[in-house]
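Student: Input file: coords-v5.txt. Contents: compact mmCIF, C-alpha atoms and all ligand atoms.
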# COMPACT_ATOMS: atom_id res chain seq x y z
CA MET Y 1 88.30 58.45 95.39
CA ARG Y 2 87.90 58.78 99.12
CA THR Y 3 90.11 60.09 101.91
CA GLN Y 4 89.70 61.49 105.40
CA VAL Y 5 91.01 65.02 104.80
CA ALA Y 6 91.18 66.67 101.37
CA ILE Y 7 93.85 69.38 101.41
CA VAL Y 8 93.59 72.00 98.67
CA GLY Y 9 96.99 73.68 98.10
CA GLY Y 10 100.54 72.34 98.47
CA GLY Y 11 102.21 75.45 99.90
CA PRO Y 12 103.67 75.54 103.42
CA ALA Y 13 100.22 75.35 105.09
CA GLY Y 14 98.89 72.39 103.08
CA LEU Y 15 102.15 70.43 103.18
CA MET Y 16 102.66 70.91 106.93
CA LEU Y 17 99.05 69.96 107.65
CA GLY Y 18 99.55 66.81 105.55
CA ARG Y 19 102.70 65.96 107.51
CA LEU Y 20 101.04 66.51 110.91
CA LEU Y 21 98.09 64.30 109.88
CA GLU Y 22 100.34 61.58 108.46
CA LEU Y 23 102.19 61.39 111.81
CA ARG Y 24 98.80 60.91 113.53
CA GLY Y 25 97.72 58.12 111.19
CA ILE Y 26 95.10 60.29 109.47
CA GLU Y 27 94.76 59.94 105.68
CA SER Y 28 94.91 62.94 103.38
CA VAL Y 29 95.23 63.83 99.72
CA ILE Y 30 96.96 67.10 98.76
CA LEU Y 31 95.89 68.79 95.51
CA GLU Y 32 98.30 71.40 94.10
CA ALA Y 33 97.65 73.54 91.01
CA ARG Y 34 101.31 74.13 90.04
CA ASP Y 35 104.10 71.73 89.13
CA ARG Y 36 106.67 70.53 91.64
CA ALA Y 37 109.57 72.60 90.29
CA TYR Y 38 107.53 75.82 90.42
CA VAL Y 39 106.44 75.25 94.03
CA GLN Y 40 110.01 74.41 95.12
CA HIS Y 41 111.60 77.44 93.48
CA ARG Y 42 109.15 80.23 94.29
CA VAL Y 43 111.20 82.80 96.30
CA ARG Y 44 109.19 84.12 99.22
CA ALA Y 45 109.60 84.22 102.98
CA GLY Y 46 112.89 83.71 104.76
CA VAL Y 47 112.34 84.21 108.48
CA LEU Y 48 111.25 81.28 110.64
CA GLU Y 49 109.98 82.06 114.12
CA GLN Y 50 111.21 79.95 116.98
CA ALA Y 51 107.89 78.03 117.07
CA THR Y 52 108.14 77.22 113.33
CA VAL Y 53 111.66 75.88 113.90
CA GLU Y 54 110.37 73.77 116.80
CA LEU Y 55 107.54 72.49 114.60
CA MET Y 56 109.99 71.41 111.87
CA ASP Y 57 111.85 69.47 114.60
CA GLU Y 58 108.63 68.00 115.99
CA VAL Y 59 107.70 66.58 112.55
CA GLY Y 60 111.21 65.14 112.15
CA LEU Y 61 112.35 67.50 109.39
CA GLY Y 62 114.73 69.82 111.20
CA ALA Y 63 118.09 68.38 110.09
CA ARG Y 64 118.73 70.41 106.91
CA MET Y 65 117.27 73.55 108.52
CA HIS Y 66 119.72 73.28 111.45
CA ALA Y 67 122.63 72.54 109.11
CA GLN Y 68 121.96 75.35 106.61
CA GLY Y 69 119.78 77.87 108.46
CA LEU Y 70 121.26 80.96 110.11
CA VAL Y 71 120.23 81.63 113.71
CA HIS Y 72 119.74 85.34 114.45
CA ARG Y 73 119.53 86.71 117.97
CA GLY Y 74 118.62 90.27 117.06
CA VAL Y 75 117.67 92.75 114.32
CA GLU Y 76 118.69 96.32 113.61
CA LEU Y 77 116.32 99.26 113.25
CA ARG Y 78 118.00 102.11 111.32
CA PHE Y 79 116.73 105.68 111.21
CA GLU Y 80 118.21 109.21 111.19
CA GLY Y 81 121.47 107.67 109.95
CA GLU Y 82 122.00 105.41 112.96
CA GLY Y 83 121.48 101.71 113.70
CA HIS Y 84 119.86 100.41 116.91
CA ARG Y 85 119.97 96.71 117.77
CA ILE Y 86 116.95 94.93 119.24
CA ASP Y 87 118.51 92.11 121.27
CA PHE Y 88 116.17 89.09 121.16
CA ASP Y 89 118.40 87.04 123.43
CA ALA Y 90 118.28 89.51 126.30
CA LEU Y 91 114.68 90.64 125.79
CA THR Y 92 112.94 87.28 125.25
CA GLY Y 93 114.92 84.94 127.47
CA GLY Y 94 116.97 83.34 124.72
CA ARG Y 95 114.46 83.03 121.87
CA ALA Y 96 115.67 83.54 118.28
CA ILE Y 97 114.67 83.39 114.62
CA THR Y 98 116.19 81.23 111.88
CA ILE Y 99 116.85 82.38 108.31
CA TYR Y 100 115.84 79.47 106.06
CA GLY Y 101 114.02 80.01 102.77
CA GLN Y 102 110.35 79.10 102.51
CA GLN Y 103 111.14 77.05 99.41
CA GLU Y 104 113.59 74.97 101.48
CA VAL Y 105 110.81 74.23 104.01
CA VAL Y 106 108.57 73.28 101.07
CA LYS Y 107 111.28 71.00 99.61
CA ASP Y 108 111.76 69.24 102.96
CA LEU Y 109 108.00 68.65 103.33
CA ILE Y 110 107.54 67.41 99.75
CA GLU Y 111 110.54 65.09 100.09
CA ALA Y 112 109.02 63.53 103.23
CA ARG Y 113 105.50 63.09 101.84
CA ARG Y 114 104.46 59.45 101.29
CA ALA Y 115 100.67 59.86 100.94
CA PRO Y 116 99.12 61.25 97.69
CA LEU Y 117 100.29 64.72 96.61
CA LEU Y 118 98.97 65.53 93.12
CA PHE Y 119 100.63 68.36 91.19
CA GLU Y 120 99.12 70.25 88.25
CA VAL Y 121 95.50 69.69 89.16
CA SER Y 122 92.97 72.05 87.54
CA ASP Y 123 89.27 72.97 87.74
CA VAL Y 124 89.26 72.46 91.49
CA ARG Y 125 85.79 72.85 93.01
CA VAL Y 126 84.95 72.41 96.68
CA ASP Y 127 81.60 71.38 98.14
CA PRO Y 128 81.80 72.15 101.87
CA VAL Y 129 78.48 70.43 102.65
CA ALA Y 130 78.93 67.01 100.95
CA PRO Y 131 81.90 67.35 101.66
CA ALA Y 132 83.82 66.66 98.44
CA VAL Y 133 86.36 68.17 96.05
CA SER Y 134 86.20 67.73 92.26
CA PHE Y 135 89.23 68.34 90.02
CA VAL Y 136 90.97 67.39 86.81
CA HIS Y 137 94.32 65.57 86.88
CA GLU Y 138 96.25 64.26 83.86
CA GLY Y 139 93.24 64.86 81.64
CA ALA Y 140 90.74 62.93 83.78
CA ALA Y 141 87.97 64.35 86.00
CA HIS Y 142 87.87 63.09 89.60
CA GLU Y 143 85.68 63.45 92.64
CA LEU Y 144 87.35 63.15 96.03
CA ARG Y 145 84.92 62.36 98.86
CA CYS Y 146 86.15 63.16 102.36
CA ASP Y 147 85.19 63.98 105.95
CA LEU Y 148 86.82 67.42 106.02
CA ILE Y 149 88.34 69.88 103.54
CA ALA Y 150 91.33 72.07 104.42
CA GLY Y 151 91.48 75.22 102.25
CA CYS Y 152 95.24 75.90 102.11
CA ASP Y 153 95.27 77.34 98.60
CA GLY Y 154 96.67 80.78 99.35
CA PHE Y 155 95.27 84.24 98.69
CA HIS Y 156 94.31 83.57 95.04
CA GLY Y 157 92.83 80.11 95.58
CA VAL Y 158 89.26 78.82 95.13
CA CYS Y 159 88.31 77.85 98.70
CA ARG Y 160 87.70 81.30 100.17
CA PRO Y 161 85.67 82.51 97.13
CA ALA Y 162 83.57 79.30 97.36
CA ILE Y 163 82.27 80.37 100.78
CA ALA Y 164 82.38 84.15 100.26
CA HIS Y 165 78.65 84.44 101.09
CA ALA Y 166 79.40 83.29 104.64
CA LEU Y 167 82.43 85.52 105.25
CA THR Y 168 83.11 89.06 106.43
CA VAL Y 169 86.28 90.60 105.07
CA TYR Y 170 88.46 93.17 106.87
CA GLU Y 171 91.16 94.73 104.76
CA ARG Y 172 93.59 97.55 104.20
CA GLU Y 173 95.63 98.23 101.07
CA TYR Y 174 98.83 100.23 101.41
CA PRO Y 175 99.77 102.85 98.84
CA PHE Y 176 103.14 101.14 98.24
CA GLY Y 177 104.77 97.80 97.47
CA TRP Y 178 108.17 96.15 97.92
CA LEU Y 179 110.68 95.71 95.15
CA GLY Y 180 112.63 92.60 96.18
CA ILE Y 181 115.95 91.31 94.86
CA LEU Y 182 117.91 88.13 95.40
CA ALA Y 183 121.63 88.61 94.61
CA GLU Y 184 124.88 86.68 94.64
CA CYS Y 185 126.89 88.57 97.27
CA ALA Y 186 127.56 88.53 100.99
CA PRO Y 187 124.90 90.26 103.14
CA VAL Y 188 125.76 93.82 104.19
CA SER Y 189 125.34 92.85 107.85
CA GLU Y 190 125.17 89.64 109.90
CA GLU Y 191 121.66 90.49 111.07
CA LEU Y 192 118.61 91.93 109.28
CA ILE Y 193 118.40 95.73 108.93
CA TYR Y 194 115.00 97.47 108.81
CA ALA Y 195 115.69 101.05 107.65
CA ARG Y 196 113.39 104.05 107.69
CA HIS Y 197 114.52 106.80 105.31
CA GLU Y 198 112.86 109.93 103.87
CA ARG Y 199 113.00 108.28 100.42
CA GLY Y 200 111.27 105.16 101.73
CA PHE Y 201 111.77 101.92 103.65
CA ALA Y 202 114.57 99.44 102.90
CA LEU Y 203 115.26 95.95 104.30
CA ALA Y 204 118.49 93.98 104.17
CA SER Y 205 118.04 90.24 104.58
CA MET Y 206 119.80 87.13 103.28
CA ARG Y 207 119.44 83.48 102.40
CA SER Y 208 123.02 82.35 103.16
CA PRO Y 209 126.47 83.86 103.81
CA SER Y 210 126.80 84.34 100.03
CA VAL Y 211 123.23 85.20 98.96
CA THR Y 212 121.61 88.54 99.79
CA ARG Y 213 117.89 89.32 99.83
CA MET Y 214 116.92 93.02 99.89
CA TYR Y 215 113.73 95.02 99.56
CA LEU Y 216 112.90 98.66 98.75
CA GLN Y 217 109.62 100.46 99.28
CA CYS Y 218 108.24 101.44 95.85
CA ALA Y 219 104.93 102.29 94.17
CA PRO Y 220 102.53 99.29 94.18
CA ASP Y 221 102.58 99.16 90.37
CA GLU Y 222 106.22 100.25 89.96
CA PRO Y 223 107.93 98.95 86.82
CA VAL Y 224 110.96 96.88 87.96
CA TRP Y 225 114.09 99.10 88.08
CA THR Y 226 117.49 98.48 86.52
CA ASP Y 227 120.00 96.68 88.76
CA ALA Y 228 122.21 99.78 88.98
CA ALA Y 229 119.30 101.97 90.11
CA ILE Y 230 118.40 99.39 92.79
CA TRP Y 231 121.96 99.22 94.21
CA ASP Y 232 122.32 103.01 94.28
CA GLU Y 233 119.00 103.39 96.06
CA LEU Y 234 119.93 100.70 98.61
CA ASP Y 235 123.17 102.58 99.40
CA ARG Y 236 121.20 105.77 99.89
CA ARG Y 237 118.51 104.36 102.12
CA PHE Y 238 120.87 102.35 104.36
CA GLY Y 239 123.45 105.17 104.41
CA LEU Y 240 126.05 102.42 103.79
CA ARG Y 241 127.86 100.97 100.80
CA VAL Y 242 126.16 97.61 100.40
CA ASN Y 243 127.93 94.65 98.75
CA ARG Y 244 126.89 94.18 95.12
CA GLY Y 245 126.61 91.02 93.04
CA ARG Y 246 124.75 89.37 90.20
CA VAL Y 247 120.98 89.86 90.60
CA LEU Y 248 119.30 86.43 90.42
CA GLU Y 249 115.70 87.52 90.80
CA LYS Y 250 113.70 90.73 91.17
CA SER Y 251 109.99 91.42 91.53
CA VAL Y 252 107.43 93.84 92.99
CA THR Y 253 104.92 92.72 95.65
CA PRO Y 254 101.90 94.84 96.57
CA MET Y 255 101.15 95.13 100.29
CA ARG Y 256 97.92 94.49 102.05
CA SER Y 257 96.38 93.45 105.33
CA PHE Y 258 93.41 91.09 104.94
CA VAL Y 259 91.34 88.85 107.22
CA ALA Y 260 88.28 86.77 106.29
CA GLU Y 261 86.04 85.69 109.18
CA PRO Y 262 85.12 83.06 110.18
CA MET Y 263 87.83 80.70 108.92
CA GLN Y 264 85.26 77.93 108.46
CA PHE Y 265 81.98 77.11 106.73
CA GLU Y 266 80.34 73.69 107.18
CA ARG Y 267 83.15 71.13 106.63
CA LEU Y 268 85.63 73.52 104.96
CA TYR Y 269 88.39 74.99 107.15
CA LEU Y 270 90.64 77.77 105.83
CA ALA Y 271 94.30 78.08 106.87
CA GLY Y 272 97.20 80.39 105.98
CA ASP Y 273 97.06 82.96 103.18
CA ALA Y 274 93.69 81.56 102.05
CA ALA Y 275 92.19 83.26 105.12
CA HIS Y 276 94.54 86.17 105.89
CA ILE Y 277 97.41 88.25 104.52
CA VAL Y 278 99.84 90.57 106.30
CA PRO Y 279 102.29 93.07 104.84
CA PRO Y 280 105.72 91.36 105.01
CA THR Y 281 107.30 93.94 107.36
CA GLY Y 282 106.91 91.67 110.41
CA ALA Y 283 107.92 88.45 108.54
CA LYS Y 284 104.73 86.80 109.76
CA GLY Y 285 102.87 85.27 106.75
CA LEU Y 286 104.52 81.85 106.63
CA ASN Y 287 104.71 81.58 110.40
CA THR Y 288 101.02 82.39 110.85
CA ALA Y 289 100.14 79.75 108.25
CA MET Y 290 102.11 77.24 110.36
CA ALA Y 291 100.32 78.33 113.56
CA ASP Y 292 96.93 77.78 111.85
CA VAL Y 293 97.69 74.25 110.68
CA TYR Y 294 99.20 73.30 114.04
CA LEU Y 295 95.89 74.21 115.68
CA LEU Y 296 93.86 72.58 112.89
CA ALA Y 297 95.81 69.30 112.99
CA HIS Y 298 95.21 68.94 116.74
CA ALA Y 299 91.50 69.71 116.26
CA ILE Y 300 91.25 67.10 113.49
CA GLU Y 301 93.02 64.52 115.64
CA ALA Y 302 90.50 65.14 118.46
CA PHE Y 303 87.62 64.93 115.94
CA TYR Y 304 88.70 61.41 114.94
CA GLY Y 305 88.99 60.60 118.64
CA GLY Y 306 85.29 61.50 119.00
CA ASP Y 307 85.62 65.12 120.19
CA GLY Y 308 84.56 67.74 117.63
CA SER Y 309 84.80 70.72 120.00
CA GLY Y 310 88.29 71.69 118.74
CA LEU Y 311 87.03 71.95 115.17
CA ASP Y 312 84.07 74.05 116.32
CA ALA Y 313 86.45 76.40 118.11
CA TYR Y 314 89.15 76.39 115.38
CA SER Y 315 88.16 79.66 113.73
CA SER Y 316 87.80 81.73 116.88
CA ARG Y 317 91.05 80.35 118.36
CA ALA Y 318 93.03 80.87 115.17
CA LEU Y 319 91.67 84.39 114.74
CA GLU Y 320 92.87 85.49 118.18
CA ARG Y 321 96.46 84.90 117.09
CA VAL Y 322 95.81 86.16 113.56
CA TRP Y 323 94.69 89.56 114.86
CA ARG Y 324 97.68 89.87 117.23
CA VAL Y 325 99.92 89.26 114.21
CA GLN Y 326 97.87 91.69 112.09
CA HIS Y 327 98.45 94.39 114.65
CA PHE Y 328 102.20 93.75 114.84
CA SER Y 329 102.58 93.71 111.04
CA TRP Y 330 100.55 96.92 110.67
CA TRP Y 331 102.60 98.58 113.45
CA MET Y 332 105.96 97.66 111.88
CA THR Y 333 104.69 98.74 108.45
CA SER Y 334 103.36 102.11 109.56
CA MET Y 335 106.42 102.87 111.72
CA LEU Y 336 108.97 102.19 108.97
CA HIS Y 337 107.49 103.23 105.61
CA ARG Y 338 107.26 106.61 103.97
CA ILE Y 339 103.61 107.27 104.57
CA GLY Y 340 101.34 110.22 105.37
CA ASP Y 341 102.11 113.89 105.94
CA ALA Y 342 104.82 115.77 107.84
CA PHE Y 343 102.90 115.36 111.10
CA GLN Y 344 102.82 111.58 110.70
CA LEU Y 345 106.53 111.47 109.84
CA ARG Y 346 107.30 113.15 113.13
CA LEU Y 347 105.07 110.71 114.98
CA GLN Y 348 106.99 107.87 113.29
CA LEU Y 349 110.32 109.18 114.51
CA ALA Y 350 108.96 109.66 118.03
CA GLN Y 351 107.68 106.08 117.93
CA LEU Y 352 110.99 104.70 116.63
CA ARG Y 353 113.03 106.56 119.25
CA GLU Y 354 110.83 105.23 121.99
CA THR Y 355 110.88 101.71 120.57
CA VAL Y 356 114.67 101.53 120.70
CA GLY Y 357 114.96 103.62 123.89
CA SER Y 358 112.41 101.96 126.12
CA ARG Y 359 112.94 98.44 127.39
CA ALA Y 360 109.20 97.86 127.51
CA LEU Y 361 108.68 98.71 123.83
CA SER Y 362 111.85 96.90 122.66
CA THR Y 363 110.61 93.84 124.53
CA ALA Y 364 107.20 94.06 122.84
CA LEU Y 365 108.89 94.22 119.44
CA ALA Y 366 111.29 91.37 120.23
CA GLU Y 367 108.57 89.09 121.65
CA ASN Y 368 106.33 89.59 118.63
CA TYR Y 369 109.20 89.22 116.17
CA VAL Y 370 110.48 85.90 117.53
CA GLY Y 371 106.83 84.93 117.66
CA LEU Y 372 104.10 83.83 119.99
CA PRO Y 373 104.01 80.13 120.91
CA PHE Y 374 101.78 77.86 118.80
CA ARG Y 375 98.75 76.58 120.68
CA ALA Y 376 97.28 73.11 120.26
CA ALA Y 377 93.90 74.14 121.73
P1 LIG G 401 100.85 79.70 99.55
O1 LIG G 401 102.28 79.62 99.82
O2 LIG G 401 100.33 80.75 98.65
O3 LIG G 401 100.41 78.27 99.01
C1 LIG G 401 99.15 78.04 98.43
C2 LIG G 401 99.29 76.93 97.42
O4 LIG G 401 98.03 76.64 96.83
C3 LIG G 401 98.19 76.50 95.43
N1 LIG G 401 96.87 76.78 94.81
C4 LIG G 401 96.01 75.80 94.46
N2 LIG G 401 96.09 74.46 94.56
C5 LIG G 401 95.03 73.75 94.11
N3 LIG G 401 93.92 74.31 93.57
C6 LIG G 401 93.80 75.65 93.46
N4 LIG G 401 92.71 76.18 92.93
C7 LIG G 401 94.88 76.46 93.91
N5 LIG G 401 95.11 77.79 93.96
C8 LIG G 401 96.31 77.95 94.49
C9 LIG G 401 99.27 77.46 95.07
O5 LIG G 401 99.92 77.11 93.85
C10 LIG G 401 100.21 77.32 96.26
O6 LIG G 401 101.18 76.32 96.08
O7 LIG G 401 99.99 79.82 100.91
P2 LIG G 401 100.29 79.21 102.39
O8 LIG G 401 100.62 77.76 102.32
O9 LIG G 401 99.16 79.66 103.22
O10 LIG G 401 101.64 79.92 102.85
C11 LIG G 401 101.68 81.30 103.10
C12 LIG G 401 103.06 81.89 102.77
O11 LIG G 401 103.45 81.45 101.49
C13 LIG G 401 103.08 83.42 102.83
O12 LIG G 401 102.33 83.87 103.96
C14 LIG G 401 104.50 83.98 102.95
O13 LIG G 401 105.27 83.69 101.80
C15 LIG G 401 104.45 85.48 103.17
N6 LIG G 401 105.78 86.07 103.23
C16 LIG G 401 106.55 85.97 104.37
N7 LIG G 401 106.12 85.27 105.43
C17 LIG G 401 106.91 85.09 106.53
O14 LIG G 401 106.47 84.43 107.50
N8 LIG G 401 108.19 85.62 106.60
C18 LIG G 401 108.71 86.32 105.57
O15 LIG G 401 109.88 86.69 105.65
C19 LIG G 401 107.88 86.55 104.42
N9 LIG G 401 108.35 87.24 103.37
C20 LIG G 401 106.31 86.74 102.12
C21 LIG G 401 107.61 87.32 102.23
C22 LIG G 401 105.61 86.81 100.92
C23 LIG G 401 106.16 87.46 99.83
N10 LIG G 401 105.40 87.45 98.65
C24 LIG G 401 105.94 87.29 97.36
C25 LIG G 401 103.95 87.39 98.72
C26 LIG G 401 108.16 87.99 101.16
C27 LIG G 401 107.44 88.09 99.97
C28 LIG G 401 108.10 88.87 98.86
C1 LIG G 402 113.11 87.86 103.66
O1 LIG G 402 114.26 87.50 103.98
O2 LIG G 402 112.61 87.54 102.57
C2 LIG G 402 112.34 88.72 104.58
C3 LIG G 402 112.87 89.04 105.83
C4 LIG G 402 112.15 89.85 106.70
C5 LIG G 402 110.90 90.32 106.33
C6 LIG G 402 110.37 89.99 105.09
C7 LIG G 402 111.08 89.19 104.20
O3 LIG G 402 110.21 91.13 107.17
Can the structure from this file be put into structure tokens for me?
Ligand code: RFL
Ligand code: PHB
Tutor:
Amino acid sequence: MRTQVAIVGGGPAGLMLGRLLELRGIESVILEARDRAYVQHRVRAGVLEQATVELMDEVGLGARMHAQGLVHRGVELRFEGEGHRIDFDALTGGRAITIYGQQEVVKDLIEARRAPLLFEVSDVRVDPVAPAVSFVHEGAAHELRCDLIAGCDGFHGVCRPAIAHALTVYEREYPFGWLGILAECAPVSEELIYARHERGFALASMRSPSVTRMYLQCAPDEPVWTDAAIWDELDRRFGLRVNRGRVLEKSVTPMRSFVAEPMQFERLYLAGDAAHIVPPTGAKGLNTAMADVYLLAHAIEAFYGGDGSGLDAYSSRALERVWRVQHFSWWMTSMLHRIGDAFQLRLQLAQLRETVGSRALSTALAENYVGLPFRAA
């Protein structure tokens, strides 16, 4: 087998890269370890930055997102028993976020894909020098020769480990995780609520006017609680009576910050969670994956036009944005979670009061939350 770009991983990064290349007349093959149903039903991110929304439009897949997504023009920060709204509209000149599940984005991209997308591949091995990718599909071993490999196989994939000798890793693990639930009831508020409470952080989000998504700070290895214990704790931490309904899904996610540098070795280019992870407090993981592949697709297009300078600069350009997002995610995480000693708790409150009280700091939060523009070069 031969193609121009071998894409390892059919998550948001790999699928969007495939779409951007297809629209530029560049061939690709996407190799995905899981089956289609699993990939389409995995409950993960829900917040699309303005630039991600614009990208879905640019690739011609915005219709369902605009019909079903919920546009939010602000979020609430809640602490010391009171809510404070950060007004995106006023602070960012009309920018907004859209609530639309990651698995819906994935469904739209899979639906649109015409070029090869192989599910349930195994034994994937990448050779960044050849370059080539070997794998097993439907019982047969294959070798895919290519010009470039895109490593879009997430945090637990094979691409980053394959070039570990060439990478430096920067990381921080947090001494807590998030217990997340998806439930059949109306959201407690029209906008997201990020709550800091002495018992720990809580977040109220949603997927639709009748489906709620909520998170509670917990121990990183916490056994999943009973539904009743979760609802009672949500009431306590928000200081409100939240709507209750049938719990459709619950799970615990550990939290870490992680960056591998550079995001390239020979002809292998990493994008999305394969190269970096943020704690979910800033809602940045999916959006940063999209920013990476936007940059990478333009660099690949230039490469086939005879100019390889964009590919050479890909890692350093992507990392500039990655570190801005790392800082924002770390800032939101450390400002809102139960963390550290009494001194640090007082610093947190001082920081929160200033963030909602000062126009400069509210603007910084709003600008980062709605997201930085995607750059093509
Ligand atoms: P993904 O989505 O992990 O996709 C990687 C794909 O590669 C496949 N794969 C392989 N394929 C072939 N061969 C192999 N050897 C392979 N190994 C793995 C996997 O099956 C998978 O399909 O990475 P990608 O594309 O980089 O996308 C990143 C995002 O998924 C991730 O950053 C976000 O989900 C993070 N995240 C959030 N991001 C946001 O922007 N906003 C949010 O509101 C948000 N909330 C969240 C989140 C992540 C969460 N969890 C569970 C980690 C909330 C949660 C709870
Ligand atoms: C979500 O709706 O899943 C969500 C929203 C905001 C975050 C993280 C996750 O910061």
Student: Determine, counting all atoms listed in the file, which protein, DNA and RNA residues have an atom within 7 Å of an atom of stretch 12-27 of chain Y; residues of the same chain fewer than 3 positions away are not included. Present the result as a list in words.
Tutor: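 Once the adjacent positions are removed, what remains is Thr3, Gln4, Val5, Ile7, Val8, Gly9, Val59, Val106, Leu109, Arg113, Cys152, Ala271, Gly272, Ala289, Met290, Val293 and Ala297 of chain Y.
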Student: Take the residues from that selection and put them in a file with C-alpha atoms, as a compact mmCIF listing (two decimals), keeping the file's coordinate frame.
Tutor:
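Below is the file part-v3.txt, written as the result:
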# COMPACT_ATOMS: atom_id res chain seq x y z
CA THR Y 3 90.11 60.09 101.91
CA GLN Y 4 89.70 61.49 105.40
CA VAL Y 5 91.01 65.02 104.80
CA ILE Y 7 93.85 69.38 101.41
CA VAL Y 8 93.59 72.00 98.67
CA GLY Y 9 96.99 73.68 98.10
CA VAL Y 59 107.70 66.58 112.55
CA VAL Y 106 108.57 73.28 101.07
CA LEU Y 109 108.00 68.65 103.33
CA ARG Y 113 105.50 63.09 101.84
CA CYS Y 152 95.24 75.90 102.11
CA ALA Y 271 94.30 78.08 106.87
CA GLY Y 272 97.20 80.39 105.98
CA ALA Y 289 100.14 79.75 108.25
CA MET Y 290 102.11 77.24 110.36
CA VAL Y 293 97.69 74.25 110.68
CA ALA Y 297 95.81 69.30 112.99
Student: Compile a residue-level contact table for chain Y against ligand LIG 401 (chain G) at a cut-off of 6 Å, reporting for every qualifying residue the shortest atom pair and its distance in Å to one decimal, with all atoms listed in the file counted, rows ordered by chain and ascending number, as CSV.
Tutor:
residue,atom,partner,partner_atom,distance
Y:Val8,CA,G:LIG401,C5,5.1
Y:Gly9,CA,G:LIG401,O4,3.4
Y:Gly10,CA,G:LIG401,O6,4.7
Y:Gly11,CA,G:LIG401,O3,3.5
Y:Pro12,CA,G:LIG401,O8,3.9
Y:Ala13,CA,G:LIG401,O8,3.7
Y:Gly14,CA,G:LIG401,O8,5.7
Y:Leu31,CA,G:LIG401,C5,5.2
Y:Glu32,CA,G:LIG401,N2,3.8
Y:Ala33,CA,G:LIG401,N2,4.0
Y:Arg34,CA,G:LIG401,O5,5.0
Y:Val39,CA,G:LIG401,O6,5.7
Y:Arg44,CA,G:LIG401,C27,4.4
Y:Ala45,CA,G:LIG401,C19,3.2
Y:Gly46,CA,G:LIG401,O15,4.3
Y:Val47,CA,G:LIG401,O15,4.5
Y:Val124,CA,G:LIG401,N4,5.3
Y:Cys152,CA,G:LIG401,O9,5.5
Y:Asp153,CA,G:LIG401,O4,3.4
Y:Gly154,CA,G:LIG401,O2,3.7
Y:His156,CA,G:LIG401,N5,5.9
Y:Gly157,CA,G:LIG401,N5,3.6
Y:Val158,CA,G:LIG401,N4,4.9
Y:Thr253,CA,G:LIG401,C24,5.8
Y:Gly272,CA,G:LIG401,O9,3.5
Y:Asp273,CA,G:LIG401,O9,3.9
Y:Ala274,CA,G:LIG401,O9,5.9
Y:Pro280,CA,G:LIG401,N9,5.2
Y:Ala283,CA,G:LIG401,N8,3.4
Y:Lys284,CA,G:LIG401,O14,3.7
Y:Gly285,CA,G:LIG401,O12,3.2
Y:Leu286,CA,G:LIG401,O14,3.3
Y:Asn287,CA,G:LIG401,O14,4.4
Y:Ala289,CA,G:LIG401,O9,5.1
Student: Y:Glu266: which residues within 10 Å, counting all atoms listed in the file, same-chain residues fewer than 4 positions away excluded, as a list in words?
Tutor: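 Listing them by chain and then by number gives Asp127, Pro128, Val129, Ala130, Pro131, Leu148, Ile149, Ile163, Ala166 and Asp312 of chain Y.
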Student: What residues have any atom no more than 10 Å from ligand LIG 402 (chain G) when counting all atoms listed in the file, and can you list them as number ranges by chain?
Tutor: Y: 43-48, 75, 99-102, 178, 180-182, 192-194, 203-207, 212-215, 279-285, 329, 332-333, 369
Student: Would you work out the distance separating atom CA of Y:Ala6 from atom CA of Y:Leu311, expressed in Å to one decimal?
Tutor: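 Taking atom CA of Y:Ala6 and atom CA of Y:Leu311, their separation equals 15.3 Å.
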Student: Between atom CA of Y:Asp221 and atom CA of Y:Val278, what distance in Å does the model show, to one decimal?
Tutor: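 We find that atom CA of Y:Asp221 and atom CA of Y:Val278 lie 18.3 Å from each other.
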Student: Can you sort out the box for stretch 206-225 of chain Y, edges along x, y and z, all listed atoms in, 4 Å on every side, with centre and edge lengths in Å to one decimal, as lines of an AutoDock Vina configuration file?
Tutor:
center_x = 114.7
center_y = 92.3
center_z = 95.3
size_x = 32.3
size_y = 27.9
size_z = 25.0
Student: Give me, as a ChimeraX atom specification, all polymer residues having an atom no more than 12 Å from Y:Gly357, counting all atoms listed in the file and skipping those fewer than 6 positions away in the same chain.
Tutor: /Y:77,84-86,349-351,363
Student: Atom CA of Y:His337 and atom CA of Y:Arg78 are how many Å apart?
Tutor: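 Pair atom CA of Y:His337 / atom CA of Y:Arg78 returns 12.0 Å.
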Student: Take the point (91.0, 72.4, 106.4) as written in the file and pick out every residue within 6 Å of it, counting all atoms listed in the file; give the list as a short mmCIF file (atom, residue, chain, number, x, y, z; two decimals) with C-alpha atoms, in the coordinates of the input.
Tutor:
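Written output follows (out-v8.cif):
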data_model
loop_
_atom_site.label_atom_id
_atom_site.label_comp_id
_atom_site.auth_asym_id
_atom_site.auth_seq_id
_atom_site.Cartn_x
_atom_site.Cartn_y
_atom_site.Cartn_z
CA ILE Y 149 88.34 69.88 103.54
CA ALA Y 150 91.33 72.07 104.42
CA GLY Y 151 91.48 75.22 102.25
CA LEU Y 268 85.63 73.52 104.96
CA TYR Y 269 88.39 74.99 107.15
CA LEU Y 270 90.64 77.77 105.83
#
Student: Within 12 Å of (121.4, 105.8, 99.1) (coordinates as in the file), grab all the protein and nucleic acid residues, counting only C-alpha atoms, and write them out as number ranges by chain.
Tutor: Y: 81, 195-202, 216, 228-242
Student: Can you work out which one of Y:Leu345, Y:Val133, Y:Met263, Y:Val126 has the shortest atom-to-atom distance to Y:Leu167, counting only C-alpha atoms?
Tutor: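 The shortest atom-to-atom distance to Y:Leu167 comes from Y:Met263.
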